[in-house]
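This is model.txt. It holds compact mmCIF, C-alpha atoms.
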# COMPACT_ATOMS: atom_id res chain seq x y z
CA MET A 1 32.47 6.48 17.07
CA SER A 2 33.01 3.82 14.44
CA GLN A 3 34.99 1.70 16.93
CA LEU A 4 32.06 1.36 19.32
CA GLN A 5 30.13 -1.92 19.32
CA ARG A 6 26.67 -1.84 17.72
CA ILE A 7 23.52 -3.76 18.55
CA ALA A 8 20.11 -3.83 16.88
CA ILE A 9 17.08 -3.20 19.06
CA ALA A 10 13.33 -3.20 18.51
CA PRO A 11 11.83 0.31 18.33
CA SER A 12 9.64 -0.52 21.36
CA GLN A 13 12.74 -0.98 23.53
CA PHE A 14 13.43 2.76 23.44
CA GLN A 15 11.38 4.36 26.22
CA GLN A 16 11.82 7.80 27.81
CA GLY A 17 15.51 8.13 27.12
CA GLN A 18 16.24 4.55 28.13
CA ILE A 19 16.79 1.33 26.20
CA LEU A 20 15.27 -1.69 27.91
CA LEU A 21 17.64 -4.55 27.13
CA THR A 22 16.47 -8.12 26.63
CA LYS A 23 18.18 -10.99 28.48
CA GLU A 24 19.87 -12.00 25.21
CA GLN A 25 21.18 -8.46 24.66
CA GLN A 26 22.44 -8.23 28.23
CA HIS A 27 24.31 -11.50 27.73
CA TYR A 28 25.69 -10.36 24.37
CA LEU A 29 26.88 -6.99 25.66
CA GLY A 30 28.32 -8.32 28.92
CA ARG A 31 29.58 -11.81 28.17
CA VAL A 32 30.33 -11.68 24.44
CA LEU A 33 31.41 -8.06 23.92
CA ARG A 34 32.83 -7.76 27.47
CA LEU A 35 31.20 -4.38 28.10
CA ARG A 36 30.92 -3.24 31.71
CA GLU A 37 28.73 -0.78 33.60
CA GLY A 38 29.28 2.69 32.14
CA ASP A 39 30.70 1.48 28.82
CA ARG A 40 29.25 3.02 25.69
CA PHE A 41 27.83 1.37 22.58
CA ILE A 42 25.60 2.23 19.64
CA ALA A 43 21.99 1.07 19.42
CA MET A 44 20.08 1.02 16.12
CA ASP A 45 16.37 0.35 15.71
CA GLY A 46 16.44 -0.74 12.05
CA ARG A 47 14.16 2.13 11.06
CA GLY A 48 16.74 4.84 10.63
CA LYS A 49 17.44 5.82 14.25
CA TRP A 50 20.79 5.39 15.98
CA TRP A 51 21.70 6.32 19.55
CA LEU A 52 24.87 6.57 21.58
CA ALA A 53 24.05 4.63 24.74
CA GLN A 54 25.73 3.84 28.06
CA LEU A 55 25.30 0.48 29.74
CA ALA A 56 23.51 0.66 33.08
CA GLY A 57 22.61 -2.80 34.36
CA GLU A 58 19.52 -4.23 32.66
CA GLN A 59 19.06 -1.10 30.59
CA ALA A 60 21.07 1.55 28.82
CA GLN A 61 20.98 5.32 29.15
CA VAL A 62 20.67 7.15 25.82
CA LEU A 63 23.28 9.90 25.67
CA GLU A 64 22.51 11.36 22.26
CA SER A 65 20.94 10.67 18.88
CA LEU A 66 23.32 9.99 16.01
CA LEU A 67 23.00 11.03 12.39
CA VAL A 68 24.10 8.20 10.12
CA GLU A 69 23.97 8.60 6.34
CA THR A 70 24.68 5.13 4.97
CA GLU A 71 21.54 4.52 2.92
CA LEU A 72 21.31 4.65 -0.87
CA PRO A 73 19.60 7.63 -2.53
CA ILE A 74 17.08 5.27 -4.15
CA SER A 75 14.89 2.44 -2.83
CA ILE A 76 15.65 -0.98 -4.34
CA THR A 77 13.22 -3.90 -4.19
CA LEU A 78 14.86 -7.16 -5.18
CA MET A 79 12.64 -9.99 -6.40
CA VAL A 80 14.60 -13.23 -6.18
CA ALA A 81 13.51 -16.65 -7.39
CA LEU A 82 14.49 -18.81 -4.44
CA PRO A 83 17.69 -20.78 -5.10
CA LYS A 84 18.12 -24.31 -3.81
CA ASN A 85 19.47 -25.33 -0.41
CA ASN A 86 20.63 -22.38 1.74
CA GLY A 87 21.69 -20.13 -1.13
CA PHE A 88 19.12 -17.50 -0.21
CA ASP A 89 20.87 -16.93 3.13
CA GLU A 90 23.86 -15.53 1.29
CA VAL A 91 21.66 -13.48 -1.06
CA VAL A 92 19.99 -11.82 1.94
CA ARG A 93 23.31 -11.18 3.66
CA CYS A 94 25.15 -9.74 0.66
CA CYS A 95 22.27 -7.66 -0.69
CA THR A 96 21.61 -6.18 2.74
CA GLU A 97 25.25 -5.07 2.85
CA LEU A 98 24.83 -3.54 -0.61
CA GLY A 99 21.85 -1.43 0.47
CA VAL A 100 18.67 -3.20 -0.68
CA ALA A 101 15.45 -1.85 0.87
CA CYS A 102 13.17 -4.84 0.32
CA ILE A 103 13.71 -8.47 -0.68
CA ALA A 104 10.79 -10.36 -2.16
CA PRO A 105 11.44 -14.12 -2.43
CA VAL A 106 9.39 -15.65 -5.24
CA LEU A 107 8.44 -19.17 -6.27
CA SER A 108 9.02 -19.53 -10.00
CA ASP A 109 8.18 -22.43 -12.29
CA ARG A 110 11.69 -23.81 -11.80
CA THR A 111 12.04 -23.11 -8.09
CA LEU A 112 13.20 -26.17 -6.16
CA LEU A 113 12.94 -24.75 -2.64
CA HIS A 114 9.59 -24.41 -0.87
CA PRO A 115 10.51 -22.76 2.42
CA SER A 116 8.98 -23.25 5.84
CA PRO A 117 7.92 -20.34 8.09
CA GLN A 118 11.13 -20.91 10.06
CA LYS A 119 13.11 -19.99 6.95
CA LEU A 120 11.46 -16.56 6.82
CA GLU A 121 12.38 -15.94 10.45
CA ARG A 122 15.95 -16.98 9.68
CA TRP A 123 16.19 -14.63 6.68
CA ARG A 124 14.90 -11.70 8.71
CA ARG A 125 17.43 -12.44 11.44
CA ILE A 126 20.24 -12.58 8.86
CA ALA A 127 19.10 -9.25 7.41
CA GLY A 128 19.22 -7.69 10.87
CA GLU A 129 22.70 -9.02 11.55
CA ALA A 130 23.98 -7.88 8.14
CA ALA A 131 22.48 -4.41 8.60
CA GLU A 132 24.16 -4.14 11.99
CA GLN A 133 27.52 -5.29 10.60
CA SER A 134 27.43 -2.95 7.59
CA GLU A 135 26.24 0.06 9.61
CA ARG A 136 22.92 0.35 7.77
CA SER A 137 20.35 2.78 9.13
CA PHE A 138 17.52 0.50 8.04
CA VAL A 139 17.02 -3.25 8.14
CA PRO A 140 15.59 -4.45 4.80
CA THR A 141 12.07 -5.80 4.70
CA ILE A 142 11.93 -9.52 3.86
CA LEU A 143 8.51 -10.37 2.43
CA GLU A 144 6.80 -13.74 2.63
CA PRO A 145 7.42 -15.92 -0.46
CA VAL A 146 4.74 -15.71 -3.16
CA THR A 147 4.45 -17.03 -6.70
CA PHE A 148 6.27 -15.09 -9.38
CA ASN A 149 3.05 -14.11 -11.14
CA THR A 150 1.66 -12.72 -7.89
CA ALA A 151 4.83 -10.72 -7.31
CA VAL A 152 4.93 -9.08 -10.75
CA THR A 153 1.34 -7.87 -10.41
CA ALA A 154 2.01 -6.41 -6.96
CA ASN A 155 4.83 -4.04 -7.95
CA GLN A 156 3.63 -0.91 -9.72
CA THR A 157 6.89 1.04 -9.72
CA SER A 158 7.71 2.70 -13.03
CA HIS A 159 11.29 1.36 -13.09
CA ARG A 160 10.96 -2.43 -13.21
CA TYR A 161 13.51 -4.81 -14.68
CA ILE A 162 13.84 -8.56 -15.03
CA CYS A 163 17.31 -10.05 -15.56
CA GLU A 164 17.51 -12.66 -18.31
CA ALA A 165 20.67 -14.46 -19.44
CA ARG A 166 19.32 -15.60 -22.80
CA GLY A 167 18.33 -13.17 -25.54
CA GLU A 168 19.49 -9.84 -26.92
CA TYR A 169 18.58 -7.46 -24.13
CA PRO A 170 20.29 -4.18 -23.08
CA HIS A 171 22.80 -4.40 -20.27
CA LEU A 172 21.45 -3.22 -16.92
CA ASN A 173 24.08 -0.50 -16.64
CA LYS A 174 22.76 1.07 -19.87
CA VAL A 175 19.28 1.72 -18.46
CA LEU A 176 20.06 3.05 -14.99
CA ASN A 177 20.67 6.73 -15.77
CA SER A 178 16.99 7.72 -15.54
CA ILE A 179 16.23 6.19 -12.13
CA SER A 180 15.59 8.76 -9.41
CA GLU A 181 13.64 7.24 -6.52
CA GLU A 182 12.64 3.59 -6.72
CA ILE A 183 13.53 0.46 -8.68
CA VAL A 184 12.34 -3.15 -8.75
CA ILE A 185 14.66 -5.77 -10.18
CA ALA A 186 14.03 -9.50 -10.53
CA THR A 187 16.61 -12.30 -10.83
CA GLY A 188 15.81 -15.87 -11.76
CA PRO A 189 16.25 -19.43 -10.47
CA GLU A 190 18.59 -22.22 -11.47
CA GLY A 191 17.81 -22.81 -15.13
CA GLY A 192 16.49 -19.29 -15.63
CA TRP A 193 13.00 -17.89 -16.11
CA THR A 194 10.59 -19.70 -18.41
CA THR A 195 9.47 -18.00 -21.61
CA GLN A 196 5.99 -17.60 -20.13
CA GLU A 197 7.38 -15.90 -17.02
CA ILE A 198 9.32 -13.41 -19.13
CA GLU A 199 6.21 -12.68 -21.21
CA ASN A 200 4.10 -12.21 -18.09
CA ALA A 201 6.66 -9.84 -16.59
CA ILE A 202 6.78 -7.79 -19.80
CA ALA A 203 2.99 -7.61 -19.82
CA PHE A 204 3.11 -6.02 -16.37
CA GLY A 205 5.71 -3.42 -17.32
CA PHE A 206 9.02 -5.17 -16.63
CA GLN A 207 11.88 -4.49 -19.03
CA PRO A 208 14.19 -7.46 -19.70
CA VAL A 209 17.87 -6.66 -19.14
CA SER A 210 21.17 -8.51 -19.28
CA LEU A 211 23.84 -8.77 -16.59
CA GLY A 212 26.56 -9.61 -19.10
CA ARG A 213 27.57 -12.34 -21.52
CA ARG A 214 28.18 -15.03 -18.94
CA ILE A 215 25.63 -17.28 -17.25
CA LEU A 216 25.51 -16.38 -13.57
CA ARG A 217 24.43 -18.62 -10.71
CA ALA A 218 21.11 -17.89 -9.02
CA VAL A 219 22.95 -16.63 -5.94
CA THR A 220 25.42 -14.52 -7.95
CA ALA A 221 22.96 -12.62 -10.17
CA PRO A 222 21.27 -10.64 -7.34
CA VAL A 223 24.64 -9.49 -6.00
CA VAL A 224 25.79 -8.40 -9.47
CA ALA A 225 22.52 -6.55 -10.10
CA LEU A 226 22.70 -4.74 -6.76
CA SER A 227 26.36 -3.87 -7.29
CA LEU A 228 25.62 -2.28 -10.67
CA ILE A 229 22.75 -0.25 -9.26
CA THR A 230 24.67 1.00 -6.21
CA ALA A 231 27.65 1.91 -8.41
CA ALA A 232 25.36 3.95 -10.67
CA CYS A 233 23.53 5.84 -7.92
CA GLU A 234 26.36 6.54 -5.48
CA VAL A 235 28.79 8.26 -7.85
Could you write out this structure as C-alpha cells?
Amino acid sequence: MSQLQRIAIAPSQFQQGQILLTKEQQHYLGRVLRLREGDRFIAMDGRGKWWLAQLAGEQAQVLESLLVETELPISITLMVALPKNNGFDEVVRCCTELGVACIAPVLSDRTLLHPSPQKLERWRRIAGEAAEQSERSFVPTILEPVTFNTAVTANQTSHRYICEARGEYPHLNKVLNSISEEIVIATGPEGGWTTQEIENAIAFGFQPVSLGRRILRAVTAPVVALSLITAACEV
C-alpha cells in the first residue's frame, strides 16, 4: 500500500462512494503520475480519512477506507515569530513533516516580514503538500498572522512554553515528561524576543525554556523544538 501514489482532496469531493476529481487532479494523476483507467491510488482529505481509490475517468471509485496511524499522541501548536524572506516556507514544511497540529505565525517587535494574504495561501498549500508527502492523516492548521501579544492571550493550554536563547532557563527536554494531551510552544525572530515580550508571555502562563547552549537561527529553532517534543512523546 505504501507504494501507491497519494493525493490530497477536499472533504467535499467525497460523495456517495465516489471522489469527484478536479481538472488539476485529473491532470496530475494522468499526465504527471501516469496513472490510467483502473489504476489505484490513495486519497486523503486532510482531516484524518484515507481511502483506497480506483481511477475512473473524471472521478475515482472508493474501494475501501484505510486506517492510518501516523499522528502524534499529543497536539502541538507552534507559535513562530515570522522569519525574514521565505524562511517560513521551510518552517511550515519541516514542522508539518514532524507532526505539528497547528502553526500560528506571529508578528513580534523584531519581525521584519509583514506577509500578504497570498503568503498565507502559499503556506497552507505547502502544509498540504508536506502532509501528503509524509503520510500525515491531518493537514496542520495555518492561522492568520497576529501580533505576539494577541497570540499569547489566545492560547489557554496548561502546557505553554516560550523558547529563549539568553538566560538560565531549563532545557525543553527536562520539562516534557508531564505533557499528556496538548502543548503550545513559541520560537522567536532574528535577534530573539524582547524582554517585554518574555515578561508578557510569562504573565500569561508561558514557561521560558532553552533549546541548548547555542544560538539557533529563527528557522532552525522551531524544527529543533518539534524534534525534541516528538522524540519525547513517541518513545
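Coordinates place atom CA of Gln156 of chain A at a distance of 8.4 Å from atom CA of Phe204 of chain A.
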For Ala104 of chain A, the closest of A:Ile126, A:Met79, A:Ala60, A:Leu72 counting all atoms listed in the file is A:Met79
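Considering the residues A:Phe138, A:Phe41, A:Phe206, A:Phe14 and counting all atoms listed in the file, Ser75 of chain A has its shortest atom-to-atom contact with A:Phe138.
Atom CA of Glu132 of chain A is found 25.3 Å from atom CA of Ala186 of chain A.
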Size and centre in Å, one decimal, axis-aligned box, all listed segment 151-155 of chain A atoms plus 3 Å per side, as AutoDock Vina command-line options:
--center_x 3.1 --center_y -7.4 --center_z -8.9 --size_x 9.6 --size_y 12.7 --size_z 9.8
Contacts of Ser12 of chain A within 10 Å, all atoms listed in the file, excl. fewer than 6 positions in-chain, as a PDB file with C-alpha atoms, in the coordinates of the input:
ATOM      1  CA  ILE A  19      16.790   1.330  26.200  1.00  0.00           C
ATOM      2  CA  LEU A  20      15.270  -1.690  27.910  1.00  0.00           C
ATOM      3  CA  ASP A  45      16.370   0.350  15.710  1.00  0.00           C
TER       4      ASP A  45
END
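If you count only C-alpha atoms and ignore residues fewer than 2 places along the chain from Val62 of chain A, what sits within 12 Å of it is Gln13, Phe14, Gln15, Gln16, Gly17, Gln18, Ile19, Leu20, Gly38, Asp39, Arg40, Phe41, Ile42, Ala43, Met44, Trp50, Trp51, Leu52, Ala53, Gln54, Leu55, Ala56, Gln59, Ala60, Glu64, Ser65 and Leu66 of chain A.
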Q) Which residues come within 7 Å of Gly188 of chain A, counting only C-alpha atoms, excluding same-chain residues fewer than 5 positions away, as a PyMOL selection string? A) chain A and resi 80-81+193+218
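For the atom pair formed by atom CA of Pro115 of chain A and atom CA of Pro222 of chain A, the distance is 18.9 Å, given to one decimal.
Nearest to Lys49 of chain A of all the residues A:Thr220, A:Ser137, A:Thr96, A:Ser210 is A:Ser137, based on all atoms listed in the file.
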Judged by all atoms listed in the file, the minimum distance to Gly167 of chain A among A:Val68, A:Ile179, A:Ile215, A:Ala201 is found for A:Ile215
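Restricting the calculation to all atoms listed in the file, the smallest distance between Lys174 of chain A and any of A:Ile198, A:Ala154, A:Ile74, A:Ile229 is found for A:Ile229.
Considering only C-alpha atoms, the residue among A:Val92, A:Leu82, A:Leu107, A:Val209 positioned nearest to Arg122 of chain A is A:Val92.
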Using all atoms listed in the file, I'd like a table of the residues in segment 2-116 of chain A that come within 7 Å of segment 141-152 of chain A; for each, show the closest atom pair and its distance in Å rounded to one decimal, ordered by chain and ascending number, as a tab-separated table.
residue	atom	partner	partner_atom	distance
A:Ala101	CA	A:Thr141	CA	6.5
A:Cys102	CA	A:Thr141	CA	4.6
A:Ile103	CA	A:Ile142	CA	5.0
A:Ala104	CA	A:Leu143	CA	5.1
A:Pro105	CA	A:Pro145	CA	4.8
A:Val106	CA	A:Val146	CA	5.1
A:Leu107	CA	A:Thr147	CA	4.5
A:Ser108	CA	A:Phe148	CA	5.3
Skipping near chain neighbours, those fewer than 3 positions away, what residues fall within 6 Å of Gly128 of chain A using all atoms listed in the file, listed as a count of residues only? 3
Mind rebuilding segment 45-56 of chain A with all heavy atoms and writing that out as a PDB file, in the coordinates of the input?
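Just written: out.pdb:
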ATOM      1  N   ASP A  45      17.689   0.986  15.674  1.00  0.00           N
ATOM      2  CA  ASP A  45      16.370   0.350  15.710  1.00  0.00           C
ATOM      3  C   ASP A  45      15.916  -0.222  14.376  1.00  0.00           C
ATOM      4  O   ASP A  45      14.800  -0.724  14.249  1.00  0.00           O
ATOM      5  CB  ASP A  45      15.314   1.332  16.233  1.00  0.00           C
ATOM      6  CG  ASP A  45      14.961   2.442  15.248  1.00  0.00           C
ATOM      7  OD1 ASP A  45      15.659   2.579  14.216  1.00  0.00           O
ATOM      8  OD2 ASP A  45      13.987   3.165  15.510  1.00  0.00           O
ATOM      9  N   GLY A  46      16.781  -0.164  13.350  1.00  0.00           N
ATOM     10  CA  GLY A  46      16.440  -0.740  12.050  1.00  0.00           C
ATOM     11  C   GLY A  46      15.482   0.100  11.236  1.00  0.00           C
ATOM     12  O   GLY A  46      15.110  -0.270  10.123  1.00  0.00           O
ATOM     13  N   ARG A  47      15.077   1.241  11.771  1.00  0.00           N
ATOM     14  CA  ARG A  47      14.160   2.130  11.060  1.00  0.00           C
ATOM     15  C   ARG A  47      14.748   3.515  10.849  1.00  0.00           C
ATOM     16  O   ARG A  47      14.038   4.500  10.672  1.00  0.00           O
ATOM     17  CB  ARG A  47      12.831   2.238  11.832  1.00  0.00           C
ATOM     18  CG  ARG A  47      12.086   0.911  11.907  1.00  0.00           C
ATOM     19  CD  ARG A  47      10.749   1.071  12.612  1.00  0.00           C
ATOM     20  NE  ARG A  47      10.033  -0.194  12.680  1.00  0.00           N
ATOM     21  CZ  ARG A  47       8.852  -0.344  13.281  1.00  0.00           C
ATOM     22  NH1 ARG A  47       8.263   0.696  13.848  1.00  0.00           N
ATOM     23  NH2 ARG A  47       8.266  -1.524  13.309  1.00  0.00           N
ATOM     24  N   GLY A  48      16.057   3.584  10.931  1.00  0.00           N
ATOM     25  CA  GLY A  48      16.740   4.840  10.630  1.00  0.00           C
ATOM     26  C   GLY A  48      17.259   5.592  11.844  1.00  0.00           C
ATOM     27  O   GLY A  48      17.900   6.626  11.688  1.00  0.00           O
ATOM     28  N   LYS A  49      16.999   5.105  13.061  1.00  0.00           N
ATOM     29  CA  LYS A  49      17.440   5.820  14.250  1.00  0.00           C
ATOM     30  C   LYS A  49      18.604   5.101  14.925  1.00  0.00           C
ATOM     31  O   LYS A  49      18.564   3.886  15.117  1.00  0.00           O
ATOM     32  CB  LYS A  49      16.278   5.965  15.239  1.00  0.00           C
ATOM     33  CG  LYS A  49      15.159   6.859  14.726  1.00  0.00           C
ATOM     34  CD  LYS A  49      14.050   7.010  15.750  1.00  0.00           C
ATOM     35  CE  LYS A  49      12.950   7.921  15.228  1.00  0.00           C
ATOM     36  NZ  LYS A  49      11.839   8.075  16.202  1.00  0.00           N
ATOM     37  N   TRP A  50      19.626   5.882  15.253  1.00  0.00           N
ATOM     38  CA  TRP A  50      20.790   5.390  15.980  1.00  0.00           C
ATOM     39  C   TRP A  50      20.963   6.227  17.246  1.00  0.00           C
ATOM     40  O   TRP A  50      20.682   7.426  17.244  1.00  0.00           O
ATOM     41  CB  TRP A  50      22.060   5.548  15.131  1.00  0.00           C
ATOM     42  CG  TRP A  50      22.266   4.545  14.048  1.00  0.00           C
ATOM     43  CD1 TRP A  50      21.342   4.041  13.195  1.00  0.00           C
ATOM     44  CD2 TRP A  50      23.505   3.950  13.685  1.00  0.00           C
ATOM     45  NE1 TRP A  50      21.924   3.160  12.314  1.00  0.00           N
ATOM     46  CE2 TRP A  50      23.247   3.085  12.596  1.00  0.00           C
ATOM     47  CE3 TRP A  50      24.805   4.051  14.173  1.00  0.00           C
ATOM     48  CZ2 TRP A  50      24.252   2.341  11.982  1.00  0.00           C
ATOM     49  CZ3 TRP A  50      25.805   3.308  13.567  1.00  0.00           C
ATOM     50  CH2 TRP A  50      25.519   2.456  12.479  1.00  0.00           C
ATOM     51  N   TRP A  51      21.437   5.595  18.312  1.00  0.00           N
ATOM     52  CA  TRP A  51      21.700   6.320  19.550  1.00  0.00           C
ATOM     53  C   TRP A  51      23.050   5.904  20.127  1.00  0.00           C
ATOM     54  O   TRP A  51      23.437   4.736  20.034  1.00  0.00           O
ATOM     55  CB  TRP A  51      20.631   6.020  20.605  1.00  0.00           C
ATOM     56  CG  TRP A  51      19.252   6.437  20.235  1.00  0.00           C
ATOM     57  CD1 TRP A  51      18.699   7.692  20.318  1.00  0.00           C
ATOM     58  CD2 TRP A  51      18.205   5.589  19.738  1.00  0.00           C
ATOM     59  NE1 TRP A  51      17.392   7.672  19.904  1.00  0.00           N
ATOM     60  CE2 TRP A  51      17.057   6.394  19.538  1.00  0.00           C
ATOM     61  CE3 TRP A  51      18.123   4.233  19.436  1.00  0.00           C
ATOM     62  CZ2 TRP A  51      15.852   5.889  19.061  1.00  0.00           C
ATOM     63  CZ3 TRP A  51      16.933   3.720  18.949  1.00  0.00           C
ATOM     64  CH2 TRP A  51      15.813   4.546  18.763  1.00  0.00           C
ATOM     65  N   LEU A  52      23.719   6.856  20.747  1.00  0.00           N
ATOM     66  CA  LEU A  52      24.870   6.570  21.580  1.00  0.00           C
ATOM     67  C   LEU A  52      24.323   6.257  22.970  1.00  0.00           C
ATOM     68  O   LEU A  52      23.585   7.067  23.548  1.00  0.00           O
ATOM     69  CB  LEU A  52      25.824   7.762  21.636  1.00  0.00           C
ATOM     70  CG  LEU A  52      27.042   7.609  22.561  1.00  0.00           C
ATOM     71  CD1 LEU A  52      27.931   6.472  22.101  1.00  0.00           C
ATOM     72  CD2 LEU A  52      27.815   8.917  22.633  1.00  0.00           C
ATOM     73  N   ALA A  53      24.629   5.069  23.476  1.00  0.00           N
ATOM     74  CA  ALA A  53      24.050   4.630  24.740  1.00  0.00           C
ATOM     75  C   ALA A  53      25.139   4.202  25.709  1.00  0.00           C
ATOM     76  O   ALA A  53      26.254   3.839  25.306  1.00  0.00           O
ATOM     77  CB  ALA A  53      23.070   3.484  24.503  1.00  0.00           C
ATOM     78  N   GLN A  54      24.802   4.230  26.990  1.00  0.00           N
ATOM     79  CA  GLN A  54      25.730   3.840  28.060  1.00  0.00           C
ATOM     80  C   GLN A  54      25.101   2.726  28.881  1.00  0.00           C
ATOM     81  O   GLN A  54      23.963   2.849  29.340  1.00  0.00           O
ATOM     82  CB  GLN A  54      26.042   5.043  28.943  1.00  0.00           C
ATOM     83  CG  GLN A  54      27.149   4.812  29.969  1.00  0.00           C
ATOM     84  CD  GLN A  54      27.514   6.100  30.665  1.00  0.00           C
ATOM     85  OE1 GLN A  54      26.650   6.880  31.048  1.00  0.00           O
ATOM     86  NE2 GLN A  54      28.811   6.347  30.812  1.00  0.00           N
ATOM     87  N   LEU A  55      25.828   1.646  29.047  1.00  0.00           N
ATOM     88  CA  LEU A  55      25.300   0.480  29.740  1.00  0.00           C
ATOM     89  C   LEU A  55      25.076   0.785  31.223  1.00  0.00           C
ATOM     90  O   LEU A  55      25.950   1.337  31.895  1.00  0.00           O
ATOM     91  CB  LEU A  55      26.278  -0.696  29.587  1.00  0.00           C
ATOM     92  CG  LEU A  55      25.787  -2.073  30.036  1.00  0.00           C
ATOM     93  CD1 LEU A  55      24.553  -2.493  29.252  1.00  0.00           C
ATOM     94  CD2 LEU A  55      26.899  -3.107  29.848  1.00  0.00           C
ATOM     95  N   ALA A  56      23.860   0.417  31.680  1.00  0.00           N
ATOM     96  CA  ALA A  56      23.510   0.660  33.080  1.00  0.00           C
ATOM     97  C   ALA A  56      22.667  -0.510  33.578  1.00  0.00           C
ATOM     98  O   ALA A  56      21.441  -0.423  33.662  1.00  0.00           O
ATOM     99  CB  ALA A  56      22.756   1.979  33.228  1.00  0.00           C
TER     100      ALA A  56
END
